[in-house]
$ cat input-v9.cif   # mmCIF, C-alpha atoms
data_query
#
loop_
_atom_site.label_atom_id
_atom_site.label_comp_id
_atom_site.auth_asym_id
_atom_site.auth_seq_id
_atom_site.Cartn_x
_atom_site.Cartn_y
_atom_site.Cartn_z
CA MET A 1 0.00 0.00 0.00
CA PHE A 2 1.47 3.36 -1.06
CA LEU A 3 0.43 5.27 2.04
CA GLN A 4 1.77 2.54 4.29
CA LEU A 5 2.49 3.88 7.74
CA SER A 6 6.21 3.97 8.38
CA PRO A 7 8.47 6.24 10.40
CA LEU A 8 9.96 7.68 7.20
CA ALA A 9 6.52 8.44 5.78
CA LEU A 10 5.69 10.31 8.96
CA PHE A 11 8.98 12.12 9.56
CA LEU A 12 10.30 12.99 6.08
CA PRO A 13 7.65 15.71 5.59
CA LEU A 14 8.61 17.16 8.98
CA PHE A 15 12.29 17.04 8.11
CA SER A 16 11.51 18.78 4.82
CA ILE A 17 9.58 21.59 6.48
CA ALA A 18 12.32 22.14 9.06
CA ASP A 19 15.03 22.12 6.40
CA LEU A 20 13.13 24.58 4.22
CA LYS A 21 12.43 26.96 7.12
CA GLU A 22 15.64 26.77 9.13
CA HIS A 23 18.16 25.26 6.67
CA ARG A 24 18.87 22.59 9.25
CA ILE A 25 17.34 19.36 10.51
CA PRO A 26 16.85 19.41 14.30
CA ASN A 27 18.58 16.63 16.22
CA ARG A 28 15.53 16.21 18.46
CA LEU A 29 13.41 15.37 15.43
CA LEU A 30 16.05 12.94 14.15
CA LEU A 31 16.19 11.22 17.53
CA LEU A 32 12.41 10.99 17.65
CA ALA A 33 12.42 9.32 14.22
CA LEU A 34 15.14 6.93 15.40
CA LEU A 35 13.10 5.58 18.33
CA PRO A 36 10.76 3.21 16.41
CA GLY A 37 13.70 1.55 14.69
CA MET A 38 15.63 1.16 17.92
CA ALA A 39 12.54 -0.23 19.66
CA ALA A 40 12.37 -3.03 17.09
CA GLN A 41 15.74 -4.27 18.41
CA ASN A 42 16.98 -5.24 14.96
CA PRO A 43 20.80 -5.39 14.95
CA HIS A 44 20.88 -4.73 11.21
CA PHE A 45 19.06 -1.43 11.75
CA LEU A 46 21.88 -0.04 13.89
CA LEU A 47 24.55 -1.47 11.58
CA ARG A 48 23.00 0.17 8.49
CA LEU A 49 22.62 3.44 10.41
CA CYS A 50 26.29 3.55 11.41
CA LEU A 51 27.74 2.35 8.11
CA SER A 52 25.76 4.78 5.98
CA ALA A 53 26.58 7.66 8.32
CA LEU A 54 30.27 6.75 8.01
CA LEU A 55 29.93 6.56 4.23
CA PHE A 56 28.45 10.05 3.96
CA TYR A 57 30.64 11.68 6.62
CA PRO A 58 33.38 12.57 4.07
CA TRP A 59 30.71 14.39 2.02
CA PHE A 60 30.05 16.50 5.10
CA ARG A 61 33.76 17.18 5.62
CA LEU A 62 34.00 18.31 1.97
CA HIS A 63 31.03 20.67 2.60
CA LEU A 64 28.91 18.89 0.00
CA ILE A 65 26.07 18.14 2.43
CA GLY A 66 25.20 19.21 5.96
CA ALA A 67 25.51 17.24 9.17
CA GLY A 68 21.73 16.81 9.39
CA ASP A 69 21.70 15.39 5.86
CA VAL A 70 24.32 12.79 6.86
CA LYS A 71 22.22 11.76 9.86
CA LEU A 72 19.04 11.72 7.78
CA LEU A 73 20.64 9.57 5.08
CA GLY A 74 21.80 7.16 7.79
CA LEU A 75 18.28 7.02 9.18
CA CYS A 76 16.80 6.40 5.73
CA CYS A 77 19.27 3.59 5.03
CA ALA A 78 18.54 2.04 8.42
CA TYR A 79 14.80 1.93 7.74
CA LEU A 80 14.90 1.06 4.03
CA GLY A 81 17.71 -1.47 3.88
CA LEU A 82 20.63 -1.24 1.49
CA SER A 83 18.98 -2.24 -1.80
CA ALA A 84 15.96 0.03 -1.36
CA PHE A 85 18.23 2.81 -0.08
CA LEU A 86 20.22 2.79 -3.31
CA GLY A 87 17.03 3.33 -5.31
CA PHE A 88 15.88 5.98 -2.84
CA PHE A 89 19.20 7.82 -3.04
CA PHE A 90 19.23 7.74 -6.85
CA LEU A 91 15.66 9.04 -7.05
CA SER A 92 16.42 11.75 -4.48
CA LEU A 93 19.42 12.96 -6.47
CA LEU A 94 17.35 12.84 -9.64
CA ALA A 95 14.67 14.99 -7.98
CA ALA A 96 17.33 17.52 -6.87
CA THR A 97 18.92 17.75 -10.31
CA LEU A 98 16.36 20.02 -12.00
CA PRO A 99 16.19 22.73 -9.30
CA ALA A 100 19.98 22.71 -8.90
CA LEU A 101 20.47 22.97 -12.64
CA TRP A 102 17.97 25.83 -12.82
CA LEU A 103 19.82 27.69 -10.05
CA LEU A 104 23.16 27.17 -11.77
CA LEU A 105 21.82 28.35 -15.13
CA ALA A 106 20.30 31.40 -13.43
CA GLY A 107 23.73 32.25 -12.08
CA ARG A 108 22.83 31.57 -8.47
CA ARG A 109 24.84 29.35 -6.18
CA CYS A 110 23.00 26.35 -4.82
CA GLU A 111 25.16 25.56 -1.81
CA GLN A 112 22.25 26.37 0.52
CA LEU A 113 19.80 24.08 -1.28
CA PRO A 114 17.92 22.10 1.40
CA LEU A 115 18.11 18.38 0.63
CA ALA A 116 15.43 16.95 2.94
CA PRO A 117 12.57 17.84 0.54
CA PHE A 118 14.37 15.90 -2.19
CA PHE A 119 14.83 12.95 0.15
CA PHE A 120 11.09 13.07 0.75
CA ALA A 121 10.49 13.17 -3.02
CA GLY A 122 12.87 10.24 -3.52
CA PHE A 123 11.07 8.23 -0.84
CA ALA A 124 7.66 8.98 -2.38
CA LEU A 125 8.91 8.06 -5.86
CA LEU A 126 10.43 4.85 -4.53
CA LYS A 127 7.16 3.86 -2.86
CA LEU A 128 5.17 4.77 -5.97
CA LEU A 129 7.47 2.91 -8.37
CA SER A 130 7.69 -0.16 -6.16
CA GLU A 131 3.91 -0.50 -6.20
CA THR A 132 3.34 0.16 -9.90
CA PRO A 133 2.77 -3.32 -11.37
CA LEU A 134 4.60 -2.81 -14.68
CA LEU A 135 7.58 -1.06 -13.16
CA HIS A 136 7.65 -3.56 -10.30
CA THR A 137 7.99 -6.49 -12.71
CA LEU A 138 10.67 -4.69 -14.72
CA PHE A 139 12.89 -3.34 -11.95
CA PHE A 140 12.12 -4.98 -8.60
#
$ encode --input "input-v9.cif" --output "structure tokens"
Amino acid sequence: MFLQLSPLALFLPLFSIADLKEHRIPNRLLLLALLPGMAAQNPHFLLRLCLSALLFYPWFRLHLIGAGDVKLLGLCCAYLGLSAFLGFFFLSLLAATLPALWLLLAGRRCEQLPLAPFFFAGFALLKLLSETPLLHTLFF
């Protein structure tokens, strides 16, 4: 079901709003979103969280993404699993391409482009594509 209740479906819109308003993702909100996954006591959840955060930490050090984005990507990987996360990440980057390209062509810098709304778009596209029968048989 597309509107399946999951922590990401509940929290990604909140992360997006916070990132658009404040250009940051509050740690309290990230911790609140982490609680359902930790309550499930799945060791793979914590492993995926840590490994993906370590993977994206160099991007933060290179000032390509913010610290909240690193934590949010870790959270998304922890909930989605590695294979679904790869699709989610690709779709998120695809969603961010057009606005970033428009900003670059307009001569504006896009270093302050909030990423959480694009993560939300990538998650929604992933859920939509995974439940479309034709696309599901072709790609999943």
$ closest_residue --input "input-v9.cif" --among "A:Thr132, A:Thr97, A:Ser52, A:Gln112" --to "Cys77 (chain A)" --atoms "only C-alpha atoms"
A:Ser52
$ atom_distance --input "input-v9.cif" --atom1 "CA of Ile65 (chain A)" --atom2 "CA of Phe11 (chain A)"
19.5 Å
$ residues_around --input "input-v9.cif" --residues "region 99-111 of chain A" --least-positions-apart "3" --cutoff "10 Å" --atoms "only C-alpha atoms" --output "list in words"
His63, Leu64, Ile65, Leu94, Ala95, Ala96 and Pro114 of chain A
$ residues_around --input "input-v9.cif" --residues "region 20-34 of chain A" --least-positions-apart "3" --cutoff "6 Å" --atoms "only C-alpha atoms" --output "PyMOL selection string"
chain A and resi 17+37+68
$ resolve_selection --input "input-v9.cif" --expression "the PyMOL selection byres ((chain A and resi 50) around 12)" --output "list in words"
Pro43, His44, Phe45, Leu46, Leu47, Arg48, Leu49, Leu51, Ser52, Ala53, Leu54, Leu55, Phe56, Tyr57, Val70, Lys71, Leu72, Leu73, Gly74, Leu75, Cys76, Cys77 and Ala78 of chain A
$ atom_distance --input "input-v9.cif" --atom1 "CA of Asp69 (chain A)" --atom2 "CA of Ala116 (chain A)"
7.1 Å
$ build_atoms --input "input-v9.cif" --residues "region 68-94 of chain A" --atoms "N, CA and C atoms" --output "compact mmCIF listing (two decimals), in the coordinates of the input"
# COMPACT_ATOMS: atom_id res chain seq x y z
N GLY A 68 23.08 17.37 9.28
CA GLY A 68 21.73 16.81 9.39
C GLY A 68 21.41 15.90 8.21
N ASP A 69 21.92 16.24 7.03
CA ASP A 69 21.70 15.39 5.86
C ASP A 69 22.40 14.04 6.03
N VAL A 70 23.60 14.04 6.61
CA VAL A 70 24.32 12.79 6.86
C VAL A 70 23.51 11.91 7.82
N LYS A 71 23.01 12.51 8.88
CA LYS A 71 22.22 11.76 9.86
C LYS A 71 20.91 11.27 9.24
N LEU A 72 20.30 12.12 8.42
CA LEU A 72 19.04 11.72 7.78
C LEU A 72 19.26 10.60 6.77
N LEU A 73 20.34 10.65 6.02
CA LEU A 73 20.64 9.57 5.08
C LEU A 73 20.90 8.27 5.84
N GLY A 74 21.59 8.35 6.97
CA GLY A 74 21.80 7.16 7.79
C GLY A 74 20.48 6.58 8.28
N LEU A 75 19.60 7.45 8.70
CA LEU A 75 18.28 7.02 9.18
C LEU A 75 17.49 6.37 8.05
N CYS A 76 17.53 6.96 6.87
CA CYS A 76 16.80 6.40 5.73
C CYS A 76 17.36 5.03 5.35
N CYS A 77 18.67 4.89 5.35
CA CYS A 77 19.27 3.59 5.03
C CYS A 77 18.91 2.56 6.09
N ALA A 78 18.88 2.97 7.34
CA ALA A 78 18.54 2.04 8.42
C ALA A 78 17.12 1.51 8.26
N TYR A 79 16.19 2.37 7.89
CA TYR A 79 14.80 1.93 7.74
C TYR A 79 14.56 1.19 6.42
N LEU A 80 15.20 1.63 5.34
CA LEU A 80 14.90 1.06 4.03
C LEU A 80 15.66 -0.22 3.73
N GLY A 81 16.84 -0.37 4.29
CA GLY A 81 17.71 -1.47 3.88
C GLY A 81 18.57 -1.01 2.72
N LEU A 82 19.65 -1.72 2.46
CA LEU A 82 20.63 -1.24 1.49
C LEU A 82 20.09 -1.19 0.07
N SER A 83 19.43 -2.23 -0.40
CA SER A 83 18.98 -2.24 -1.80
C SER A 83 17.93 -1.17 -2.05
N ALA A 84 16.98 -1.02 -1.17
CA ALA A 84 15.96 0.03 -1.36
C ALA A 84 16.58 1.41 -1.17
N PHE A 85 17.58 1.52 -0.30
CA PHE A 85 18.23 2.81 -0.08
C PHE A 85 18.93 3.29 -1.35
N LEU A 86 19.55 2.38 -2.08
CA LEU A 86 20.22 2.79 -3.31
C LEU A 86 19.24 3.39 -4.31
N GLY A 87 18.07 2.77 -4.45
CA GLY A 87 17.03 3.33 -5.31
C GLY A 87 16.53 4.66 -4.78
N PHE A 88 16.32 4.74 -3.48
CA PHE A 88 15.88 5.98 -2.84
C PHE A 88 16.89 7.11 -3.07
N PHE A 89 18.17 6.81 -2.90
CA PHE A 89 19.20 7.82 -3.04
C PHE A 89 19.29 8.30 -4.49
N PHE A 90 19.21 7.37 -5.44
CA PHE A 90 19.23 7.74 -6.85
C PHE A 90 18.04 8.63 -7.20
N LEU A 91 16.85 8.25 -6.76
CA LEU A 91 15.66 9.04 -7.05
C LEU A 91 15.70 10.40 -6.38
N SER A 92 16.28 10.47 -5.18
CA SER A 92 16.42 11.75 -4.48
C SER A 92 17.36 12.69 -5.24
N LEU A 93 18.48 12.15 -5.69
CA LEU A 93 19.42 12.96 -6.47
C LEU A 93 18.81 13.39 -7.80
N LEU A 94 18.04 12.51 -8.39
CA LEU A 94 17.35 12.84 -9.64
C LEU A 94 16.36 13.98 -9.42
